[in-house]
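**Q** A single structure is presented below for examination.
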Amino acid sequence: MPPFRWFVLAAATLMALAAAAPAQAWSPDVAALQVALRANHVYTGAIDGVAGPRTKGATRRFQRRRGLRADGVAGARTRRALGRRGRPPLGSRTMRVGHEGWDVAGLQFLLARRGFTSGPIDGGFGPRTGGALRRYQSSRGLAADGVAGRSTLAALRDRDRRARPRRPSGGNARGPVKFLRPVRGPQGDGFGPRWGRMHTGIDFPVPHGTRVGAAGRGTTTFAGYNSGGYGNLVIVRHRGGFETWYAHLASVTSWPGERVRGGTRIGLVGSTGRSTGPHLHFEVREAGRPIDPQPRLLGASASVIAGPVPSGLECTGARDRRPPPPTASPATAQLPAC
Ligand SMILES: [Zn+2]
């Protein structure tokens, strides 16, 4: 496609984006813009695809530097000024190893959102991006050719739409803080003493690979391995000094700095860390201390199963009655008894 048509397409895409995107929505185009702004040393925030104040401010800085009208909107002229990083638009060509630019950054962002990380989101289609793409394609039953054409992109974007949260949550801005259930499925052991130990959260005995959604609006502050027993762990910070912890994940699909809403996928259920079988260990912390999540769970009784929890699904832990100290680092915080 000739460059002129790229720019027309780009302008149309971005004008639609500016007009229609609600403040909290993310998009691969915004992620691509963030990558380009970062490369121009005007943006140091997260590549989260959210057109927030930092992204708009960085766009204005870039525009001022280039003598463009500093309106904070990445229109056609701004994209042209971004050079090879500002083009071509996502979907305008079949992407493959060796390509670079706006569309590749968008592709890498979409892959990362699905949990197929390709290294840094930098707009360069190298072997790692190719590998992540092939893994994604085979997971979706597509031809694993490592080439991002129309059908692969459609699948990535389609899933993108469906993965968007439909239910508002985390309570409204002033009301009491409430949380959604992080997984669909039965609830096992609750918070409190168990076998003479302190259980600091709620267990959900659901199958390996079950999608885990953020329990409410917030920002991911930790996404990685915890050596204290939690295994692969995601921590989301919410308003009011609350945090939610999601432990033993098979894989982590969120990243520090990601802004999440209720239902945003943050990982998949697993059995990493001190755990004897697949389940989600879910904690709510207030001012750093684990509290009983139950009173703050929305639809609290909806999916509680009566009767015993299947055996072999509980965590194992050190015999420690004390909850972890609030100052513990997320990477090493000890799981007293899961
Ligand atoms: Zn547990």
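How things are named: the first chain in the structure tokens is A, the next is B, and so on; residues count from 1 in each chain; ligands count from 1 in the order shown.
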Report the residues of region 109-279 of chain A whose backbone DSSP state falls under strand (DSSP E or B), written as a PyMOL selection string.

**A** chain A and resi 124+148+179+187+192-194+197-199+202-204+211-213+218-226+231-237+242-249+251-252+259-260+265-268+270+279

**Q** Residues near region 98-102 of chain A, anyone? I mean within 12 Å using only C-alpha atoms, not counting same-chain ones fewer than 3 positions away, as a PyMOL selection string.

**A** chain A and resi 6-7+10+28-37+39+79-80+82-95+105-109+121-130+146-148

**Q** Save out the residues we just selected, N, CA and C atoms, as a short mmCIF file (atom, residue, chain, number, x, y, z; two decimals), in the first residue's frame.

**A**
data_model
loop_
_atom_site.label_atom_id
_atom_site.label_comp_id
_atom_site.auth_asym_id
_atom_site.auth_seq_id
_atom_site.Cartn_x
_atom_site.Cartn_y
_atom_site.Cartn_z
N TRP A 6 -1.62 4.91 3.63
CA TRP A 6 -1.38 4.61 5.06
C TRP A 6 -1.82 5.78 5.93
N PHE A 7 -1.46 6.97 5.47
CA PHE A 7 -1.73 8.14 6.30
C PHE A 7 -3.22 8.44 6.37
N ALA A 10 -4.54 5.93 8.68
CA ALA A 10 -4.10 6.24 10.04
C ALA A 10 -4.93 7.37 10.62
N PRO A 28 -4.64 -1.31 20.80
CA PRO A 28 -3.29 -1.53 20.26
C PRO A 28 -2.72 -0.28 19.61
N ASP A 29 -3.58 0.59 19.08
CA ASP A 29 -3.08 1.82 18.47
C ASP A 29 -2.46 2.74 19.52
N VAL A 30 -3.10 2.82 20.68
CA VAL A 30 -2.53 3.66 21.74
C VAL A 30 -1.20 3.05 22.21
N ALA A 31 -1.15 1.72 22.30
CA ALA A 31 0.10 1.06 22.69
C ALA A 31 1.21 1.39 21.69
N ALA A 32 0.87 1.35 20.41
CA ALA A 32 1.86 1.65 19.36
C ALA A 32 2.33 3.10 19.48
N LEU A 33 1.39 3.98 19.79
CA LEU A 33 1.75 5.39 20.00
C LEU A 33 2.71 5.52 21.18
N GLN A 34 2.43 4.80 22.27
CA GLN A 34 3.29 4.86 23.45
C GLN A 34 4.70 4.36 23.12
N VAL A 35 4.78 3.31 22.31
CA VAL A 35 6.09 2.78 21.91
C VAL A 35 6.87 3.84 21.11
N ALA A 36 6.17 4.50 20.21
CA ALA A 36 6.82 5.52 19.38
C ALA A 36 7.25 6.72 20.22
N LEU A 37 6.40 7.11 21.17
CA LEU A 37 6.74 8.25 22.03
C LEU A 37 7.91 7.92 22.94
N ALA A 39 10.32 5.83 22.25
CA ALA A 39 11.53 5.84 21.42
C ALA A 39 12.01 7.26 21.17
N ARG A 79 1.67 11.44 13.34
CA ARG A 79 2.15 10.09 12.97
C ARG A 79 3.26 10.18 11.93
N ARG A 80 3.10 11.10 10.99
CA ARG A 80 4.13 11.25 9.96
C ARG A 80 5.43 11.72 10.61
N LEU A 82 6.43 10.99 13.45
CA LEU A 82 7.03 9.87 14.19
C LEU A 82 7.84 8.96 13.28
N GLY A 83 7.79 9.23 11.97
CA GLY A 83 8.62 8.49 11.02
C GLY A 83 8.23 7.04 10.93
N ARG A 84 9.24 6.16 10.86
CA ARG A 84 8.97 4.74 10.66
C ARG A 84 8.22 4.14 11.84
N ARG A 85 8.27 4.80 13.01
CA ARG A 85 7.53 4.28 14.15
C ARG A 85 6.06 4.67 14.13
N GLY A 86 5.71 5.61 13.26
CA GLY A 86 4.32 6.07 13.18
C GLY A 86 3.53 5.39 12.08
N ARG A 87 4.12 4.42 11.40
CA ARG A 87 3.43 3.74 10.31
C ARG A 87 3.96 2.33 10.18
N PRO A 88 3.32 1.43 9.47
CA PRO A 88 2.00 1.60 8.85
C PRO A 88 0.89 1.21 9.82
N PRO A 89 -0.36 1.56 9.50
CA PRO A 89 -1.47 1.23 10.39
C PRO A 89 -1.62 -0.28 10.57
N LEU A 90 -2.10 -0.66 11.74
CA LEU A 90 -2.35 -2.07 12.03
C LEU A 90 -3.39 -2.61 11.04
N GLY A 91 -3.06 -3.71 10.41
CA GLY A 91 -3.99 -4.33 9.48
C GLY A 91 -3.75 -3.96 8.03
N SER A 92 -2.75 -3.09 7.79
CA SER A 92 -2.54 -2.63 6.41
C SER A 92 -1.58 -3.54 5.64
N ARG A 93 -0.94 -4.48 6.34
CA ARG A 93 -0.04 -5.41 5.63
C ARG A 93 0.06 -6.70 6.44
N THR A 94 0.58 -7.72 5.83
CA THR A 94 0.86 -8.97 6.53
C THR A 94 2.23 -8.82 7.19
N MET A 95 2.24 -8.94 8.54
CA MET A 95 3.49 -8.71 9.27
C MET A 95 4.30 -9.99 9.39
N ALA A 105 4.18 -2.96 16.73
CA ALA A 105 4.00 -2.64 18.16
C ALA A 105 2.59 -3.03 18.61
N GLY A 106 1.60 -2.72 17.77
CA GLY A 106 0.21 -3.09 18.09
C GLY A 106 0.04 -4.59 18.19
N LEU A 107 0.67 -5.32 17.27
CA LEU A 107 0.61 -6.79 17.30
C LEU A 107 1.24 -7.33 18.58
N GLN A 108 2.40 -6.82 18.93
CA GLN A 108 3.08 -7.29 20.15
C GLN A 108 2.22 -7.02 21.38
N PHE A 109 1.55 -5.87 21.39
CA PHE A 109 0.67 -5.54 22.52
C PHE A 109 -0.50 -6.52 22.59
N ILE A 121 7.84 -4.77 24.12
CA ILE A 121 6.97 -4.25 23.06
C ILE A 121 7.68 -3.04 22.48
N ASP A 122 8.36 -3.26 21.35
CA ASP A 122 9.24 -2.22 20.81
C ASP A 122 9.02 -1.94 19.33
N GLY A 123 8.05 -2.61 18.73
CA GLY A 123 7.77 -2.33 17.32
C GLY A 123 8.70 -3.03 16.35
N GLY A 124 9.57 -3.92 16.85
CA GLY A 124 10.46 -4.67 15.96
C GLY A 124 10.07 -6.14 15.93
N PHE A 125 9.78 -6.67 14.77
CA PHE A 125 9.33 -8.05 14.62
C PHE A 125 10.57 -8.95 14.48
N GLY A 126 11.05 -9.45 15.62
CA GLY A 126 12.20 -10.36 15.62
C GLY A 126 11.75 -11.79 15.85
N PRO A 127 12.72 -12.69 16.07
CA PRO A 127 12.39 -14.10 16.28
C PRO A 127 11.49 -14.34 17.50
N ARG A 128 11.62 -13.53 18.55
CA ARG A 128 10.79 -13.73 19.74
C ARG A 128 9.33 -13.40 19.45
N THR A 129 9.12 -12.35 18.67
CA THR A 129 7.75 -12.03 18.28
C THR A 129 7.19 -13.14 17.40
N GLY A 130 8.04 -13.64 16.50
CA GLY A 130 7.61 -14.76 15.64
C GLY A 130 7.23 -15.98 16.46
N GLY A 146 3.71 -18.06 11.86
CA GLY A 146 4.50 -16.95 12.38
C GLY A 146 4.36 -15.68 11.57
N VAL A 147 3.30 -15.63 10.77
CA VAL A 147 3.04 -14.46 9.93
C VAL A 147 1.68 -13.91 10.33
N ALA A 148 1.62 -12.62 10.59
CA ALA A 148 0.36 -12.04 11.07
C ALA A 148 -0.41 -11.42 9.92
#

**Q** Mind listing the helix (DSSP H, G or I) residues of region 7-185 of chain A, per DSSP on the backbone, as a CSV table (one decimal) with C-alpha atoms, in the first residue's frame?

**A**
chain,number,residue,atom,x,y,z
A,7,PHE,CA,-1.7,8.1,6.3
A,8,VAL,CA,-5.4,8.4,5.3
A,9,LEU,CA,-6.1,5.2,7.0
A,10,ALA,CA,-4.1,6.2,10.0
A,11,ALA,CA,-5.9,9.5,10.3
A,12,ALA,CA,-9.3,7.8,10.0
A,13,THR,CA,-8.4,5.2,12.6
A,14,LEU,CA,-7.0,7.8,15.1
A,15,MET,CA,-9.9,10.2,14.7
A,16,ALA,CA,-12.3,7.4,15.4
A,17,LEU,CA,-10.2,6.4,18.3
A,18,ALA,CA,-10.1,9.9,19.8
A,19,ALA,CA,-13.8,10.3,19.4
A,20,ALA,CA,-15.1,6.9,20.6
A,28,PRO,CA,-3.3,-1.5,20.3
A,29,ASP,CA,-3.1,1.8,18.5
A,30,VAL,CA,-2.5,3.7,21.7
A,31,ALA,CA,0.1,1.1,22.7
A,32,ALA,CA,1.9,1.7,19.4
A,33,LEU,CA,1.8,5.4,20.0
A,34,GLN,CA,3.3,4.9,23.4
A,35,VAL,CA,6.1,2.8,21.9
A,36,ALA,CA,6.8,5.5,19.4
A,37,LEU,CA,6.7,8.3,22.0
A,38,ARG,CA,9.0,6.2,24.3
A,39,ALA,CA,11.5,5.8,21.4
A,53,PRO,CA,-3.0,11.9,30.8
A,54,ARG,CA,0.6,10.7,30.6
A,55,THR,CA,0.2,9.6,27.0
A,56,LYS,CA,-1.6,12.8,26.0
A,57,GLY,CA,1.1,14.9,27.8
A,58,ALA,CA,3.9,13.0,26.0
A,59,THR,CA,2.1,13.5,22.7
A,60,ARG,CA,1.9,17.2,23.3
A,61,ARG,CA,5.6,17.3,24.2
A,62,PHE,CA,6.5,15.6,21.0
A,63,GLN,CA,4.2,17.9,19.0
A,64,ARG,CA,5.7,21.0,20.5
A,65,ARG,CA,9.2,19.7,19.7
A,76,ALA,CA,-1.9,12.1,10.6
A,77,ARG,CA,0.7,14.8,10.9
A,78,THR,CA,1.9,13.7,14.2
A,79,ARG,CA,2.1,10.1,13.0
A,80,ARG,CA,4.1,11.3,10.0
A,81,ALA,CA,6.5,13.1,12.3
A,83,GLY,CA,8.6,8.5,11.0
A,84,ARG,CA,9.0,4.7,10.7
A,85,ARG,CA,7.5,4.3,14.2
A,86,GLY,CA,4.3,6.1,13.2
A,102,TRP,CA,3.4,1.0,14.4
A,103,ASP,CA,1.5,-2.2,13.4
A,104,VAL,CA,4.2,-4.5,14.8
A,105,ALA,CA,4.0,-2.6,18.2
A,106,GLY,CA,0.2,-3.1,18.1
A,107,LEU,CA,0.6,-6.8,17.3
A,108,GLN,CA,3.1,-7.3,20.2
A,109,PHE,CA,0.7,-5.5,22.5
A,110,LEU,CA,-2.2,-7.7,21.4
A,111,LEU,CA,-0.1,-10.9,21.9
A,112,ALA,CA,1.0,-9.7,25.3
A,113,ARG,CA,-2.6,-9.1,26.3
A,127,PRO,CA,12.4,-14.1,16.3
A,128,ARG,CA,10.8,-13.7,19.7
A,129,THR,CA,7.7,-12.0,18.3
A,130,GLY,CA,7.6,-14.8,15.6
A,131,GLY,CA,7.7,-17.4,18.3
A,132,ALA,CA,5.0,-15.8,20.4
A,133,LEU,CA,2.9,-15.4,17.3
A,134,ARG,CA,3.3,-19.1,16.4
A,135,ARG,CA,2.4,-20.2,19.9
A,136,TYR,CA,-0.7,-18.0,19.8
A,137,GLN,CA,-1.7,-19.3,16.4
A,138,SER,CA,-1.4,-22.9,17.4
A,139,SER,CA,-3.4,-22.2,20.6
A,150,ARG,CA,-5.8,-10.9,8.2
A,151,SER,CA,-7.2,-14.0,10.0
A,152,THR,CA,-4.6,-13.9,12.8
A,153,LEU,CA,-5.2,-10.3,13.4
A,154,ALA,CA,-9.0,-10.7,13.3
A,155,ALA,CA,-8.7,-13.5,15.9
A,156,LEU,CA,-6.5,-11.4,18.1
A,157,ARG,CA,-8.8,-8.4,17.9
A,158,ASP,CA,-12.0,-10.5,18.3
A,159,ARG,CA,-10.7,-12.1,21.4
A,160,ASP,CA,-9.6,-8.6,22.4
A,161,ARG,CA,-13.2,-7.5,22.3
A,162,ARG,CA,-14.6,-10.4,24.2

**Q** Give me the residues within 8 Å of region 249-265 of chain A as a PyMOL selection string, counting only C-alpha atoms and dropping any in the same chain fewer than 3 places off.

**A** chain A and resi 46+48+112-115+163-170+179-180+182+208-209+211-224+231-234+246+268-272+280

**Q** Under the rule that only C-alpha atoms and all ligand atoms are counted, which of A:Asp189, A:Glu286, A:Asp145, A:Glu243 is the nearest residue to ligand 1?

**A**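 Comparing A:Asp189, A:Glu286, A:Asp145, A:Glu243 against ligand 1, the winner is A:Asp189.
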
**Q** Calculated over only C-alpha atoms, which of the candidates A:Val50, A:Ile202, A:Val236, A:Ile266 has the smallest distance to Glu283 (chain A)?

**A** A:Ile202

**Q** Any idea what the distance is between CA of Thr44 (chain A) and CA of Pro120 (chain A)?

**A**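 Atom-to-atom, CA of Thr44 (chain A) to CA of Pro120 (chain A), that is 13.9 Å.
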